[in-house]
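To start, the structure itself, in structure tokens.
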Amino acid sequence: MDNLLNLWQSSGAYQMAPGQFVMILVGLVLLFLAIRKNFEPLLLVPIGFGGILANIPGADLALSAAETALASGDATVLAQLAQILGVEGADSVYALKEALANASAAVQTQATQYALDAGFNNGMLYNFYNVAIASGVAPLVIFMGVGAMTDFGPLLANPRTLFLGAAAQFGIFATVLGAVGLSVAGIMDFSIADAAAIGIIGGADGPTAIYVSSLLAPDLLGAIAVAAYSYMALVPLIQPPIMRALTTPEERKIEMVQLRHVSKREKITFPLLLLILVALFLPDAAPLLGMFCFGNLMRECGVVARLSDTAQNALINITTIFLGLSVGSKLAADKFLDPKTLGILALGIVAFAIGTAAGVLMAKLLNAVSKQKINPLIGSAGVSAVPMAARVSNKIGLEANPHNFLLMHAMGPNVAGVIGSAVAAGVMITMVRTMTG
């Protein structure tokens with residue numbers, strides 16, 4: 001009988017906490033949205049599955065060796081960890097977890113080494129996270145793949161669309177101010193680093209959001225990543241009402257002239273000039289923009305077709321799997337079920353809306369000062385949800401005028417938005433490092 005009782009007490013069902021049950025349901029909802037509704041399935045499938053794995057009671061798949069040691073409840077182990085963390089008087093596992101989370105990197109390393117020596121191991125998802133995200137590798141590899149799939153032709157054929165991509169990044173900075181405002185008002189407790197990481201959601205660029213949050217606010221990464229990819233999937237629902245509200249029927253009917261031909265020399269030169277010019281003024285943007293430009297150069301130079309094909313397909317797909325599972329590891333109940341998550345989701349939708357509106361309004365401003373008209377609908381594509389935002393612009397344009405094909409025109413601001421989000425990420429990282437010393 002005792003053996004049966006021990007077996008039951010060691011089961012996941014017995015150890016299941018209410019928060020873990022809720023987060024397993026959240027993981028199932030993400031899988032439903034990805035599989036049934038086709039919402040960003042390439043990311044939401046591994047994120048949702050990773051979230052389920054991270055919340056399996058007793059498996060400790062998302063925990064470090066030190067966290068696993070704390071979860072064991074062994075009195076001797078807890079006492080030794082309390083001494084390493086400098087909180088000998090701590091009277092609960094929760095207090096020790098807080099001390100571990102707030103400890104310096106050196107102290108965390110010492111605690112982890114003690115736990116490893118004591119026979120505890122890092123969880124599978126924890127290892128994935130360290131290799132893929134904590135190192136910064138996965139978002140950068142994905143940016144390289146995106147660069148290899150990107151055609152700068154529409155942007156080079158109509159350079160004015162660069163202003164639309166830039167304007168759409170206003171959502172990022174407005175959201176940072178909003179997060180700071182919530183903290184000042186006492187509604188939420190976001191640091192300036194948290195606010196900067198949350199603001200990047202407005203760029204509608206998942207890899208950039210993950211990269212910035214991994215550097216500035218790792219504890220918020222799960223919520224930020226889920227918000228970013230969820231709202232990217234909801235672009236066809238979020239953007240059209242804003243686009244219709246800010247444009248007249250006559251503006252939506254504007255037909256744009258055929259794009260000029262862009263030479264191969266221009267396409268090869270542009271990523272090199274872009275990287276050099278931006279990196280000279282904003283070095284913190286160099287990692288993201290550098291990998292993006294490198295991927296694009298492989299595509300356009302024509303002499304490394306195998307490398308370009310690998311970056312566009314096999315490499316980016318493998319990286320996406322591990323990136324998604326790593327993000328899912330941050331959906332553990334103790335990290336995700338927090339009032340801050342609701343604040344992040346609310347600020348994320350506001351960032352998207354402001355970015356969309358700013359792009360449309362910038363197009364209207366350009367029309368007011370130039371003779372060659374731009375259909376304001378393509379301004380909404382300035383958020384870097386490639387190519388979904390461009391498709392939405394084309395769809396709304398065809399509704400107003402069946403002969404109005406805006407897809408290639410909208411790809412200009414769409415690609416500019418990718419560049420803009422990388423630059424905005426560099427600005428955020430530089431700003432936070434300057435302010436926090």
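The chains in the structure tokens are called A, B, ... from first to last as shown; in each chain the residues are counted from 1, and the ligands are counted from 1 in the order shown.
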
- Message: What's around segment 397-411 of chain A at 10 Å? Count only C-alpha atoms, leave out sequence neighbours fewer than 2 positions away in its own chain, and write the answer as a ChimeraX atom specification.
- Response: /A:150-155,157-158,161,164,249-259,374-382,384,386-395,413-417

- Message: Using DSSP secondary structure from the backbone, list all helix (DSSP H, G or I) positions within segment 34-224 of chain A, as JSON, numbers by chain.
- Response: {"A": [34, 35, 41, 42, 43, 44, 45, 46, 47, 48, 49, 50, 51, 52, 53, 54, 65, 66, 67, 68, 69, 70, 71, 72, 75, 76, 77, 78, 79, 80, 81, 82, 83, 84, 85, 93, 94, 95, 96, 97, 98, 99, 100, 101, 102, 105, 106, 107, 108, 109, 110, 111, 112, 113, 114, 115, 116, 117, 124, 125, 126, 127, 128, 129, 130, 131, 132, 133, 134, 137, 138, 139, 140, 141, 142, 143, 144, 145, 146, 147, 148, 149, 153, 154, 155, 156, 157, 161, 162, 163, 164, 165, 166, 167, 168, 170, 171, 172, 173, 174, 175, 176, 177, 178, 179, 180, 181, 182, 183, 184, 192, 193, 194, 195, 196, 197, 198, 199, 200, 201, 202, 203, 206, 207, 208, 209, 210, 211, 212, 213, 214, 215, 216, 218, 219, 220, 221, 222, 223, 224]}

Could you pull the residues within 9 Å of Ala195 of chain A, counting only C-alpha atoms, minus those fewer than 2 positions along the same chain, as an mmCIF file with all heavy atoms, in the first residue's frame?
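In the end it all went to out-v1.cif:
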data_model
loop_
_atom_site.group_PDB
_atom_site.id
_atom_site.type_symbol
_atom_site.label_atom_id
_atom_site.label_comp_id
_atom_site.auth_asym_id
_atom_site.auth_seq_id
_atom_site.Cartn_x
_atom_site.Cartn_y
_atom_site.Cartn_z
ATOM 1 N N THR A 175 4.522 52.919 -27.324
ATOM 2 C CA THR A 175 4.242 51.872 -26.346
ATOM 3 C C THR A 175 5.228 51.914 -25.187
ATOM 4 O O THR A 175 4.866 51.644 -24.038
ATOM 5 C CB THR A 175 4.281 50.491 -27.024
ATOM 6 O OG1 THR A 175 3.370 50.501 -28.121
ATOM 7 C CG2 THR A 175 3.871 49.400 -26.057
ATOM 8 N N VAL A 176 6.470 52.256 -25.469
ATOM 9 C CA VAL A 176 7.449 52.416 -24.386
ATOM 10 C C VAL A 176 6.977 53.504 -23.422
ATOM 11 O O VAL A 176 7.013 53.328 -22.193
ATOM 12 C CB VAL A 176 8.835 52.779 -24.956
ATOM 13 C CG1 VAL A 176 9.796 53.149 -23.833
ATOM 14 C CG2 VAL A 176 9.406 51.618 -25.759
ATOM 15 N N LEU A 177 6.514 54.621 -23.989
ATOM 16 C CA LEU A 177 5.993 55.705 -23.136
ATOM 17 C C LEU A 177 4.777 55.231 -22.353
ATOM 18 O O LEU A 177 4.599 55.591 -21.182
ATOM 19 C CB LEU A 177 5.637 56.914 -24.002
ATOM 20 C CG LEU A 177 6.810 57.603 -24.714
ATOM 21 C CD1 LEU A 177 6.297 58.746 -25.596
ATOM 22 C CD2 LEU A 177 7.827 58.138 -23.705
ATOM 23 N N GLY A 178 3.925 54.414 -22.998
ATOM 24 C CA GLY A 178 2.747 53.883 -22.319
ATOM 25 C C GLY A 178 3.126 52.978 -21.154
ATOM 26 O O GLY A 178 2.522 53.060 -20.073
ATOM 27 N N ALA A 179 4.135 52.115 -21.363
ATOM 28 C CA ALA A 179 4.578 51.222 -20.292
ATOM 29 C C ALA A 179 5.162 52.015 -19.129
ATOM 30 O O ALA A 179 4.898 51.720 -17.959
ATOM 31 C CB ALA A 179 5.610 50.226 -20.838
ATOM 32 N N VAL A 180 5.947 53.041 -19.459
ATOM 33 C CA VAL A 180 6.509 53.898 -18.409
ATOM 34 C C VAL A 180 5.381 54.633 -17.681
ATOM 35 O O VAL A 180 5.395 54.767 -16.445
ATOM 36 C CB VAL A 180 7.511 54.911 -19.013
ATOM 37 C CG1 VAL A 180 7.940 55.923 -17.965
ATOM 38 C CG2 VAL A 180 8.724 54.180 -19.577
ATOM 39 N N PHE A 190 6.744 48.238 -14.441
ATOM 40 C CA PHE A 190 7.665 47.949 -15.535
ATOM 41 C C PHE A 190 8.902 48.829 -15.388
ATOM 42 O O PHE A 190 8.785 50.047 -15.232
ATOM 43 C CB PHE A 190 7.022 48.236 -16.894
ATOM 44 C CG PHE A 190 5.896 47.303 -17.253
ATOM 45 C CD1 PHE A 190 4.633 47.800 -17.578
ATOM 46 C CD2 PHE A 190 6.087 45.928 -17.286
ATOM 47 C CE1 PHE A 190 3.600 46.942 -17.920
ATOM 48 C CE2 PHE A 190 5.062 45.071 -17.623
ATOM 49 C CZ PHE A 190 3.812 45.575 -17.936
ATOM 50 N N SER A 191 10.068 48.204 -15.460
ATOM 51 C CA SER A 191 11.304 48.985 -15.499
ATOM 52 C C SER A 191 11.469 49.560 -16.899
ATOM 53 O O SER A 191 10.735 49.205 -17.826
ATOM 54 C CB SER A 191 12.498 48.094 -15.153
ATOM 55 O OG SER A 191 12.690 47.121 -16.179
ATOM 56 N N ILE A 192 12.448 50.437 -17.098
ATOM 57 C CA ILE A 192 12.679 51.001 -18.428
ATOM 58 C C ILE A 192 13.106 49.908 -19.403
ATOM 59 O O ILE A 192 12.756 49.940 -20.590
ATOM 60 C CB ILE A 192 13.734 52.133 -18.365
ATOM 61 C CG1 ILE A 192 13.849 52.838 -19.728
ATOM 62 C CG2 ILE A 192 15.079 51.594 -17.931
ATOM 63 C CD1 ILE A 192 12.596 53.534 -20.179
ATOM 64 N N ALA A 193 13.838 48.889 -18.909
ATOM 65 C CA ALA A 193 14.226 47.760 -19.764
ATOM 66 C C ALA A 193 12.988 46.958 -20.169
ATOM 67 O O ALA A 193 12.854 46.540 -21.330
ATOM 68 C CB ALA A 193 15.231 46.870 -19.045
ATOM 69 N N ALA A 197 11.511 46.443 -24.064
ATOM 70 C CA ALA A 197 11.263 45.118 -24.628
ATOM 71 C C ALA A 197 9.810 44.964 -25.074
ATOM 72 O O ALA A 197 9.519 44.398 -26.137
ATOM 73 C CB ALA A 197 11.622 44.040 -23.608
ATOM 74 N N ILE A 198 8.879 45.494 -24.274
ATOM 75 C CA ILE A 198 7.458 45.412 -24.624
ATOM 76 C C ILE A 198 7.168 46.245 -25.870
ATOM 77 O O ILE A 198 6.398 45.840 -26.746
ATOM 78 C CB ILE A 198 6.585 45.900 -23.444
ATOM 79 C CG1 ILE A 198 6.731 44.950 -22.261
ATOM 80 C CG2 ILE A 198 5.119 46.006 -23.849
ATOM 81 C CD1 ILE A 198 6.168 45.499 -20.965
ATOM 82 N N GLY A 199 7.791 47.405 -25.965
ATOM 83 C CA GLY A 199 7.541 48.293 -27.099
ATOM 84 C C GLY A 199 7.854 47.653 -28.432
ATOM 85 O O GLY A 199 7.185 47.930 -29.438
ATOM 86 N N ILE A 200 8.848 46.764 -28.492
ATOM 87 C CA ILE A 200 9.247 46.143 -29.750
ATOM 88 C C ILE A 200 8.115 45.311 -30.348
ATOM 89 O O ILE A 200 8.108 45.023 -31.546
ATOM 90 C CB ILE A 200 10.515 45.282 -29.544
ATOM 91 C CG1 ILE A 200 11.686 46.192 -29.180
ATOM 92 C CG2 ILE A 200 10.878 44.489 -30.772
ATOM 93 C CD1 ILE A 200 12.106 47.139 -30.302
ATOM 94 N N ALA A 217 14.770 41.949 -20.955
ATOM 95 C CA ALA A 217 13.753 41.481 -20.001
ATOM 96 C C ALA A 217 13.471 39.996 -20.194
ATOM 97 O O ALA A 217 12.391 39.608 -20.639
ATOM 98 C CB ALA A 217 12.458 42.296 -20.164
#

- Nearest to Phe32 of chain A: which of A:Ala245, A:Ile354, A:Ala425, A:Val45 is it, counting only C-alpha atoms?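 Closest candidate: A:Val45.
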
- Task: Find the residue from A:Thr247, A:Asn296, A:Ser326, A:Ser72 that sits nearest to Ile210 of chain A; use only C-alpha atoms when measuring.
- Result: A:Ser326

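One distance worth recording is that between atom CA of Ala105 of chain A and atom CA of Ala65 of chain A, which is 14.6 Å.
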
- Write out as a VMD selection string the residues lying within 9 Å of Ile133 of chain A, counting only C-alpha atoms and excluding same-chain residues fewer than 3 positions away. chain A and resid 128 to 130 136 to 139 210 to 211 214 323 326 to 327

Could you dump the residues just selected with N, CA and C atoms as a compact mmCIF listing (two decimals), in the first residue's frame?
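See part_0.txt below for the written result:
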# COMPACT_ATOMS: atom_id res chain seq x y z
N PHE A 128 17.73 24.02 -24.22
CA PHE A 128 17.35 24.59 -25.52
C PHE A 128 17.38 26.11 -25.45
N TYR A 129 16.83 26.67 -24.36
CA TYR A 129 16.76 28.12 -24.22
C TYR A 129 18.16 28.73 -24.17
N ASN A 130 19.05 28.12 -23.41
CA ASN A 130 20.41 28.65 -23.30
C ASN A 130 21.13 28.65 -24.65
N GLY A 136 21.58 34.29 -28.03
CA GLY A 136 21.23 35.23 -29.09
C GLY A 136 21.29 34.64 -30.48
N VAL A 137 21.60 33.34 -30.59
CA VAL A 137 21.84 32.73 -31.90
C VAL A 137 20.56 32.59 -32.73
N ALA A 138 19.50 32.03 -32.15
CA ALA A 138 18.32 31.67 -32.94
C ALA A 138 17.67 32.88 -33.63
N PRO A 139 17.39 33.99 -32.91
CA PRO A 139 16.78 35.13 -33.62
C PRO A 139 17.66 35.66 -34.75
N ILE A 210 11.91 38.82 -29.69
CA ILE A 210 12.57 37.80 -28.86
C ILE A 210 14.01 38.21 -28.55
N TYR A 211 14.70 38.72 -29.56
CA TYR A 211 16.10 39.12 -29.37
C TYR A 211 16.21 40.23 -28.32
N SER A 214 15.20 39.01 -24.79
CA SER A 214 16.21 38.12 -24.20
C SER A 214 17.36 38.92 -23.60
N LEU A 323 13.69 27.51 -31.51
CA LEU A 323 13.28 28.82 -31.01
C LEU A 323 11.90 28.73 -30.37
N SER A 326 11.97 26.85 -27.12
CA SER A 326 12.65 27.66 -26.10
C SER A 326 11.73 28.75 -25.57
N VAL A 327 10.98 29.39 -26.46
CA VAL A 327 10.01 30.39 -26.01
C VAL A 327 8.94 29.72 -25.14

Would you give me, as a Markdown table, each residue of segment 22-87 of chain A having an atom within 12 Å of an atom of segment 335-347 of chain A, along with its shortest atom pair and that distance in Å to one decimal, using only C-alpha atoms and sorting by chain and residue number?
| residue | atom | partner | partner_atom | distance |
| --- | --- | --- | --- | --- |
| A:Val22 | CA | A:Leu337 | CA | 8.8 |
| A:Met23 | CA | A:Leu337 | CA | 8.1 |
| A:Ile24 | CA | A:Phe336 | CA | 11.7 |
| A:Val26 | CA | A:Phe336 | CA | 10.4 |
| A:Gly27 | CA | A:Phe336 | CA | 11.7 |
| A:Gly51 | CA | A:Phe336 | CA | 10.1 |
| A:Ala54 | CA | A:Lys335 | CA | 10.8 |
| A:Asn55 | CA | A:Lys335 | CA | 10.8 |
| A:Ala62 | CA | A:Lys335 | CA | 11.0 |
| A:Leu63 | CA | A:Lys335 | CA | 11.5 |

- Message: Measuring between only C-alpha atoms, which one of A:Ala358, A:Leu28, A:Ala424, A:Ala99 shows the shortest distance to Ala285 of chain A?
- Response: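 Smallest distance to Ala285 of chain A is found for A:Ala424.
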
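Reported to one decimal place, the separation of atom CA of Leu289 of chain A from atom CA of Phe173 of chain A is 19.2 Å.
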
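Closest approach to Asn313 of chain A among A:Gly86, A:Gly48, A:Gly145, A:Gly206: A:Gly145, based on only C-alpha atoms.
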
Near-Glu300 of chain A list (12 Å; only C-alpha atoms; drop same-chain fewer than 6 positions) as a short mmCIF file (atom, residue, chain, number, x, y, z; two decimals) with C-alpha atoms, in the first residue's frame:
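Final file, around_11.cif:
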data_model
loop_
_atom_site.label_atom_id
_atom_site.label_comp_id
_atom_site.auth_asym_id
_atom_site.auth_seq_id
_atom_site.Cartn_x
_atom_site.Cartn_y
_atom_site.Cartn_z
CA GLY A 147 16.99 38.38 -45.39
CA ALA A 148 17.59 35.55 -47.85
CA MET A 149 13.85 35.51 -48.62
CA THR A 150 13.51 39.29 -48.95
CA ASP A 151 13.44 41.22 -52.21
CA PHE A 152 14.48 44.86 -51.79
CA GLY A 153 13.29 45.60 -55.33
CA VAL A 262 15.76 47.49 -60.33
CA SER A 263 19.15 46.30 -61.56
CA LYS A 264 21.14 43.47 -59.99
CA ARG A 265 23.93 45.91 -59.14
CA GLU A 266 21.51 48.00 -57.06
CA LYS A 267 20.25 44.93 -55.24
CA ILE A 268 23.79 43.81 -54.38
CA THR A 269 24.97 47.26 -53.33
CA PHE A 270 21.97 48.17 -51.15
CA PRO A 271 22.42 45.65 -48.28
CA LEU A 272 26.11 46.52 -48.05
CA CYS A 293 21.78 42.04 -44.91
CA PHE A 294 24.07 39.01 -45.12
CA LEU A 307 23.91 28.76 -49.10
CA SER A 308 20.95 31.00 -49.91
CA ASP A 309 18.67 27.98 -50.34
#

- Message: Measuring between only C-alpha atoms, which one of A:Met243, A:Ala351, A:Ala66, A:Val369 shows the shortest distance to Ile396 of chain A?
- Response: A:Met243

- Message: My list of candidates is A:Gly203, A:Leu85, A:Ala166, A:Gln15. Which is closest to Ala101 of chain A when distances are computed with only C-alpha atoms?
- Response: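 Among A:Gly203, A:Leu85, A:Ala166, A:Gln15, it is A:Leu85 that comes nearest to Ala101 of chain A.
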
- Task: Please measure the separation of atom CA of Ala106 of chain A and atom CA of Ile84 of chain A, giving the value in Å to one decimal.
- Result: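 Calculated distance between atom CA of Ala106 of chain A and atom CA of Ile84 of chain A is 10.6 Å.
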
Show me, as a compact mmCIF listing (two decimals) with N, CA and C atoms, in the first residue's frame, the residues that have an atom within 12 Å of Thr430 of chain A when counting only C-alpha atoms, minus same-chain residues fewer than 4 positions from it.
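Result file follows (part-v3.txt):
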# COMPACT_ATOMS: atom_id res chain seq x y z
N ALA A 193 13.84 48.89 -18.91
CA ALA A 193 14.23 47.76 -19.76
C ALA A 193 12.99 46.96 -20.17
N ALA A 196 11.06 48.93 -22.82
CA ALA A 196 11.70 48.87 -24.14
C ALA A 196 11.42 47.53 -24.82
N VAL A 212 15.38 41.26 -28.44
CA VAL A 212 15.45 42.39 -27.51
C VAL A 212 15.04 41.97 -26.11
N LEU A 215 17.63 40.10 -24.15
CA LEU A 215 18.70 40.96 -23.63
C LEU A 215 18.24 41.85 -22.49
N LEU A 216 17.02 42.40 -22.62
CA LEU A 216 16.58 43.43 -21.68
C LEU A 216 15.61 42.92 -20.62
N PHE A 281 26.47 54.40 -37.20
CA PHE A 281 25.77 55.31 -36.30
C PHE A 281 25.12 54.59 -35.12
N LEU A 282 24.79 53.29 -35.30
CA LEU A 282 24.06 52.56 -34.27
C LEU A 282 24.61 51.13 -34.17
N PRO A 283 25.76 50.95 -33.52
CA PRO A 283 26.38 49.62 -33.47
C PRO A 283 25.50 48.53 -32.87
N ASP A 284 24.60 48.91 -31.94
CA ASP A 284 23.75 47.89 -31.31
C ASP A 284 22.75 47.27 -32.29
N ALA A 285 22.53 47.93 -33.43
CA ALA A 285 21.64 47.36 -34.44
C ALA A 285 22.38 46.42 -35.39
N ALA A 286 23.71 46.39 -35.28
CA ALA A 286 24.53 45.61 -36.22
C ALA A 286 24.24 44.11 -36.21
N VAL A 423 16.44 48.66 -36.56
CA VAL A 423 17.04 49.92 -36.11
C VAL A 423 16.43 50.34 -34.77
N ALA A 424 15.10 50.22 -34.65
CA ALA A 424 14.45 50.58 -33.39
C ALA A 424 14.95 49.71 -32.24
N ALA A 425 15.20 48.42 -32.54
CA ALA A 425 15.75 47.53 -31.51
C ALA A 425 17.12 48.02 -31.06
N GLY A 426 17.95 48.45 -32.01
CA GLY A 426 19.25 48.99 -31.66
C GLY A 426 19.15 50.24 -30.80
N THR A 434 22.46 52.93 -21.75
CA THR A 434 22.92 54.25 -21.33
C THR A 434 22.26 54.68 -20.03
N MET A 435 20.95 54.41 -19.92
CA MET A 435 20.18 54.86 -18.75
C MET A 435 20.49 54.02 -17.51
N THR A 436 20.81 52.73 -17.73
CA THR A 436 21.06 51.86 -16.59
C THR A 436 22.53 51.71 -16.27
N GLY A 437 23.37 52.37 -17.07
CA GLY A 437 24.80 52.33 -16.80
C GLY A 437 25.44 51.03 -17.23
